[in-house]
$ cat data17.txt   # compact mmCIF, C-alpha atoms
# COMPACT_ATOMS: atom_id res chain seq x y z
CA MET A 1 -24.36 143.48 3.03
CA GLY A 2 -25.57 140.37 1.30
CA GLU A 3 -28.72 139.27 -0.38
CA ILE A 4 -30.28 136.02 0.76
CA LYS A 5 -32.90 134.16 -1.27
CA VAL A 6 -35.49 131.89 0.30
CA ASP A 7 -37.59 129.74 -2.02
CA CYS A 8 -40.90 128.65 -0.47
CA LYS A 9 -42.82 127.93 -3.66
CA ASN A 10 -45.40 125.14 -3.20
CA GLU A 11 -44.89 125.18 0.57
CA THR A 12 -47.88 125.69 2.83
CA CYS A 13 -48.61 127.10 6.31
CA PRO A 14 -46.49 127.66 8.37
CA VAL A 15 -43.37 126.85 6.29
CA PRO A 16 -42.95 130.21 4.44
CA LEU A 17 -43.16 132.11 7.76
CA VAL A 18 -40.80 129.70 9.47
CA GLU A 19 -38.23 129.72 6.65
CA THR A 20 -38.35 133.53 6.57
CA ARG A 21 -37.69 133.65 10.31
CA LYS A 22 -34.85 131.13 10.02
CA ALA A 23 -33.22 133.19 7.27
CA LEU A 24 -33.67 136.42 9.25
CA ARG A 25 -32.01 134.89 12.30
CA LYS A 26 -29.00 133.82 10.25
CA ALA A 27 -28.72 137.13 8.38
CA SER A 28 -26.55 140.02 9.52
CA LYS A 29 -27.87 143.52 10.09
CA GLY A 30 -28.34 145.26 6.74
CA ASP A 31 -28.75 142.04 4.73
CA VAL A 32 -31.67 141.83 2.32
CA ILE A 33 -33.80 138.69 2.35
CA GLU A 34 -36.01 137.86 -0.61
CA VAL A 35 -38.67 135.25 -0.01
CA THR A 36 -40.67 133.77 -2.89
CA GLY A 37 -43.73 131.60 -2.47
CA THR A 38 -47.19 130.61 -3.60
CA HIS A 39 -49.09 130.22 -0.29
CA GLN A 40 -51.52 133.15 -0.33
CA SER A 41 -51.93 133.78 3.43
CA SER A 42 -48.18 133.94 3.86
CA LYS A 43 -48.05 136.85 1.42
CA LYS A 44 -50.05 138.84 4.00
CA GLU A 45 -48.52 137.28 7.10
CA ILE A 46 -44.80 137.66 6.32
CA PRO A 47 -45.21 141.48 6.23
CA MET A 48 -47.06 141.21 9.59
CA ALA A 49 -44.10 139.31 11.05
CA VAL A 50 -41.69 141.88 9.59
CA GLU A 51 -43.67 144.66 11.26
CA SER A 52 -43.90 142.92 14.63
CA MET A 53 -40.14 142.37 14.62
CA GLY A 54 -39.51 146.00 13.71
CA LEU A 55 -37.71 145.22 10.44
CA GLU A 56 -37.96 147.03 7.14
CA LEU A 57 -40.31 145.77 4.42
CA LEU A 58 -38.75 146.76 1.09
CA GLY A 59 -41.56 145.51 -1.14
CA VAL A 60 -44.13 142.90 -2.08
CA ARG A 61 -44.67 141.82 -5.68
CA GLU A 62 -46.77 139.13 -7.30
CA GLU A 63 -46.68 137.67 -10.77
CA GLY A 64 -48.57 134.65 -12.04
CA GLY A 65 -49.46 133.41 -8.56
CA VAL A 66 -45.87 133.64 -7.28
CA TRP A 67 -45.21 136.37 -4.76
CA SER A 68 -41.91 137.83 -3.73
CA ILE A 69 -41.23 139.76 -0.53
CA LYS A 70 -38.08 141.75 0.21
CA ILE A 71 -37.03 142.48 3.77
CA ARG A 72 -34.05 144.35 5.19
CA LYS A 73 -32.73 143.20 8.54
CA MET B 74 -38.56 142.25 26.17
CA ASP B 75 -39.91 139.94 23.47
CA LYS B 76 -43.55 138.99 23.54
CA LYS B 77 -44.24 135.50 24.74
CA ALA B 78 -46.57 132.57 23.99
CA THR B 79 -47.02 129.63 26.33
CA LEU B 80 -48.82 126.50 25.15
CA ILE B 81 -49.97 123.47 27.09
CA VAL B 82 -50.08 120.34 24.95
CA HIS B 83 -52.40 118.06 26.92
CA SER B 84 -53.70 116.10 23.95
CA GLY B 85 -51.60 113.50 22.21
CA ASP B 86 -53.94 113.38 19.20
CA LEU B 87 -52.25 113.86 15.86
CA ASP B 88 -54.44 116.74 14.70
CA LYS B 89 -54.09 118.64 17.97
CA VAL B 90 -50.33 118.16 18.16
CA TYR B 91 -50.11 119.50 14.59
CA SER B 92 -52.15 122.54 15.62
CA ALA B 93 -49.92 123.10 18.63
CA PHE B 94 -46.73 123.03 16.55
CA ILE B 95 -48.18 125.22 13.81
CA ILE B 96 -49.22 127.84 16.38
CA GLY B 97 -45.90 127.55 18.21
CA LEU B 98 -43.94 127.97 14.98
CA GLY B 99 -46.15 130.85 13.89
CA ALA B 100 -45.47 132.66 17.16
CA LEU B 101 -41.70 132.07 16.88
CA SER B 102 -41.82 133.34 13.29
CA MET B 103 -43.50 136.52 14.45
CA GLY B 104 -40.59 137.10 16.80
CA MET B 105 -42.17 135.81 20.01
CA GLU B 106 -40.61 133.57 22.63
CA VAL B 107 -42.47 130.26 22.84
CA SER B 108 -42.68 127.50 25.45
CA MET B 109 -44.64 124.30 24.89
CA TYR B 110 -45.52 122.30 27.99
CA PHE B 111 -46.23 118.64 27.26
CA THR B 112 -48.47 116.97 29.81
CA PHE B 113 -50.72 113.90 30.07
CA TRP B 114 -51.44 112.42 26.63
CA GLY B 115 -49.30 115.07 25.03
CA LEU B 116 -46.22 113.71 26.77
CA GLU B 117 -46.66 110.49 24.80
CA ARG B 118 -45.54 112.44 21.69
CA LEU B 119 -42.19 113.21 23.32
CA LYS B 120 -41.34 109.53 23.70
CA LYS B 121 -38.59 108.40 21.35
CA GLY B 122 -40.04 107.43 17.96
CA LYS B 123 -43.61 108.35 18.96
CA LEU B 124 -43.92 111.92 17.66
CA ASP B 125 -46.32 111.11 14.84
CA LYS B 126 -47.53 107.70 16.04
CA ALA B 127 -50.88 109.15 17.03
CA SER B 128 -54.52 108.83 16.10
CA LEU B 129 -56.96 111.58 15.18
CA SER B 130 -59.21 113.15 17.82
CA ARG B 131 -62.19 112.53 15.54
CA MET B 132 -62.96 110.29 12.57
CA ASN B 133 -59.93 108.11 13.17
CA MET B 134 -61.98 105.08 12.03
CA LEU B 135 -59.43 102.50 13.21
CA GLY B 136 -56.68 104.33 11.38
CA LEU B 137 -58.48 104.84 8.08
CA GLY B 138 -59.18 108.50 8.85
CA ARG B 139 -55.57 109.02 9.88
CA TRP B 140 -54.34 107.41 6.67
CA MET B 141 -56.62 109.67 4.62
CA ILE B 142 -55.61 112.86 6.45
CA ARG B 143 -51.91 112.00 6.17
CA ARG B 144 -52.31 111.45 2.44
CA ARG B 145 -54.14 114.77 2.02
CA MET B 146 -51.53 116.56 4.10
CA LYS B 147 -48.77 115.11 1.95
CA GLN B 148 -50.57 116.25 -1.20
CA ALA B 149 -50.98 119.74 0.28
CA GLY B 150 -47.26 119.83 1.13
CA VAL B 151 -47.74 120.08 4.91
CA ALA B 152 -44.45 119.66 6.76
CA SER B 153 -43.94 116.57 8.93
CA LEU B 154 -44.04 116.80 12.72
CA ASP B 155 -40.35 115.86 12.67
CA LYS B 156 -39.51 118.93 10.61
CA MET B 157 -41.77 121.13 12.74
CA LEU B 158 -40.13 120.00 15.97
CA LYS B 159 -36.67 120.52 14.47
CA ASP B 160 -37.57 124.02 13.26
CA PHE B 161 -39.20 124.82 16.61
CA VAL B 162 -36.01 124.02 18.50
CA GLU B 163 -33.82 125.75 15.88
CA LEU B 164 -35.85 128.96 16.27
CA GLY B 165 -35.28 128.91 20.01
CA GLY B 166 -38.61 127.41 21.14
CA LYS B 167 -38.58 125.57 24.46
CA ILE B 168 -40.04 122.09 24.98
CA LEU B 169 -40.94 121.29 28.57
CA ALA B 170 -42.04 117.96 30.02
CA CYS B 171 -44.43 117.65 32.98
CA ASP B 172 -42.68 115.66 35.69
CA MET B 173 -45.90 114.61 37.43
CA THR B 174 -47.14 112.97 34.22
CA MET B 175 -43.79 111.19 33.98
CA GLU B 176 -44.35 109.78 37.45
CA ILE B 177 -47.98 108.76 36.86
CA MET B 178 -47.29 107.21 33.46
CA ARG B 179 -43.99 105.72 34.72
CA VAL B 180 -41.97 107.42 32.01
CA ASP B 181 -38.22 107.75 32.63
CA LYS B 182 -36.14 110.50 31.06
CA GLU B 183 -34.34 107.85 29.00
CA LYS B 184 -37.60 107.06 27.19
CA LEU B 185 -38.06 110.70 26.19
CA ARG B 186 -36.47 112.89 23.50
CA GLU B 187 -33.94 114.39 25.88
CA ASP B 188 -32.22 116.03 22.88
CA VAL B 189 -35.14 118.46 22.46
CA ILE B 190 -36.47 118.84 26.01
CA SER B 191 -35.11 121.95 27.70
CA ASP B 192 -36.52 121.20 31.15
CA TYR B 193 -38.74 119.03 33.35
CA CYS B 194 -41.18 120.91 35.52
CA GLY B 195 -44.50 121.31 37.29
CA VAL B 196 -47.44 123.69 37.18
CA GLY B 197 -45.58 126.48 38.98
CA THR B 198 -43.16 126.93 36.09
CA TYR B 199 -46.06 127.10 33.65
CA ILE B 200 -47.99 129.67 35.70
CA LYS B 201 -44.91 131.81 36.13
CA GLU B 202 -44.35 131.85 32.37
CA ALA B 203 -48.07 132.27 31.64
CA MET B 204 -48.14 135.39 33.84
CA GLU B 205 -45.48 136.93 31.61
CA SER B 206 -47.15 135.75 28.39
CA ASN B 207 -49.28 137.61 25.87
CA VAL B 208 -50.77 134.38 24.55
CA THR B 209 -51.45 131.16 26.41
CA LEU B 210 -53.34 128.13 25.11
CA PHE B 211 -54.47 124.75 26.36
CA ILE B 212 -54.53 122.20 23.56
$ encode --input "data17.txt" --output "structure tokens"
Amino acid sequence: MGEIKVDCKNETCPVPLVETRKALRKASKGDVIEVTGTHQSSKKEIPMAVESMGLELLGVREEGGVWSIKIRK
Amino acid sequence: MDKKATLIVHSGDLDKVYSAFIIGLGALSMGMEVSMYFTFWGLERLKKGKLDKASLSRMNMLGLGRWMIRRRMKQAGVASLDKMLKDFVELGGKILACDMTMEIMRVDKEKLREDVISDYCGVGTYIKEAMESNVTLFI
């Protein structure tokens, strides 16, 4: 089980969502994907996508305007 | 079965084509299946080299408005239509071309981006997909 990092800092709608989805498609079951970004709506919307795809949201953190979301496939 | 979104891209205006791709990509990212049907002026955007050669639906001002919006979009880090189309196809989105428009506008397949188009079809195909869709939009 690997850990995949996706850097979406300074990217805007819909890039963080799209890059998260691309990484999730490539990941194997059990892999952990960590997405980091600065686009505020995506911080709310990536967890929505995780929920609608029935995946596991491991956590959402934010520090100094940079958020980080961990997902398990 | 996955949820589905079906979009008609009737407009070829830059701003509306951007909206269409953003919505399409958003739906794919949420785990939906997405089909985008390009018809009338929208089909113009599927011609080779014409994806972003469009004017704005409003305040185009002979290209000045378009220049300004493009500059602002670049500053805001908005992805190009080229990248959006590439991502759309990579995420499994389907691009469909209206064959009646091709006939009316005298557009041959060779003039279109055959590399991204998954099929050529009429209204029946759209309605069939729309019936199975949770979201359908006319842009």
$ interface_residues --input "data17.txt" --of "chain A" --to "chain B" --cutoff "12 Å" --atoms "only C-alpha atoms" --output "PyMOL selection string"
chain A and resi 8-26+38-39+42+45-55
$ atom_distance --input "data17.txt" --atom1 "CA of Val82 in chain B" --atom2 "CA of Ile212 in chain B"
5.0 Å
$ residues_around --input "data17.txt" --residues "Glu117 in chain B" --least-positions-apart "5" --cutoff "8 Å" --atoms "all atoms listed in the file" --output "PDB file with C-alpha atoms, keeping the file's coordinate frame"
ATOM      1  CA  GLY B  85     -51.600 113.500  22.210  1.00  0.00           C
ATOM      2  CA  LYS B 123     -43.610 108.350  18.960  1.00  0.00           C
ATOM      3  CA  LEU B 124     -43.920 111.920  17.660  1.00  0.00           C
TER       4      LEU B 124
END
$ residues_around --input "data17.txt" --residues "Val208 in chain B" --least-positions-apart "5" --cutoff "8 Å" --atoms "all atoms listed in the file" --output "PDB file with C-alpha atoms, in the coordinates of the input"
ATOM      1  CA  LYS B  77     -44.240 135.500  24.740  1.00  0.00           C
ATOM      2  CA  ALA B  78     -46.570 132.570  23.990  1.00  0.00           C
ATOM      3  CA  THR B  79     -47.020 129.630  26.330  1.00  0.00           C
ATOM      4  CA  ALA B 203     -48.070 132.270  31.640  1.00  0.00           C
TER       5      ALA B 203
END
$ closest_residue --input "data17.txt" --among "B:Ile81, B:Leu129, B:Leu87, B:Val180" --to "Ser153 in chain B" --atoms "only C-alpha atoms"
B:Leu87
$ residues_around --input "data17.txt" --residues "Met132 in chain B" --least-positions-apart "4" --cutoff "12 Å" --atoms "all atoms listed in the file" --output "JSON, numbers by chain"
{"B": [86, 87, 88, 128, 136, 137, 138, 139, 140, 141, 142]}
$ residues_near_point --input "data17.txt" --point "(-34.7, 142.8, 0.7)" --cutoff "10 Å" --atoms "all atoms listed in the file" --output "tab-separated table (two decimals) with C-alpha atoms, in the coordinates of the input"
chain	number	residue	atom	x	y	z
A	2	GLY	CA	-25.57	140.37	1.30
A	3	GLU	CA	-28.72	139.27	-0.38
A	4	ILE	CA	-30.28	136.02	0.76
A	5	LYS	CA	-32.90	134.16	-1.27
A	30	GLY	CA	-28.34	145.26	6.74
A	31	ASP	CA	-28.75	142.04	4.73
A	32	VAL	CA	-31.67	141.83	2.32
A	33	ILE	CA	-33.80	138.69	2.35
A	34	GLU	CA	-36.01	137.86	-0.61
A	35	VAL	CA	-38.67	135.25	-0.01
A	56	GLU	CA	-37.96	147.03	7.14
A	57	LEU	CA	-40.31	145.77	4.42
A	58	LEU	CA	-38.75	146.76	1.09
A	59	GLY	CA	-41.56	145.51	-1.14
A	60	VAL	CA	-44.13	142.90	-2.08
A	68	SER	CA	-41.91	137.83	-3.73
A	69	ILE	CA	-41.23	139.76	-0.53
A	70	LYS	CA	-38.08	141.75	0.21
A	71	ILE	CA	-37.03	142.48	3.77
A	72	ARG	CA	-34.05	144.35	5.19
A	73	LYS	CA	-32.73	143.20	8.54
$ atom_distance --input "data17.txt" --atom1 "CA of Asp172 in chain B" --atom2 "CA of His83 in chain B"
13.3 Å
$ closest_residue --input "data17.txt" --among "B:Met109, B:Leu116, B:Ile200, B:Leu154" --to "Met175 in chain B" --atoms "all atoms listed in the file"
B:Leu116
$ atom_distance --input "data17.txt" --atom1 "CA of Phe211 in chain B" --atom2 "CA of Gly115 in chain B"
11.1 Å
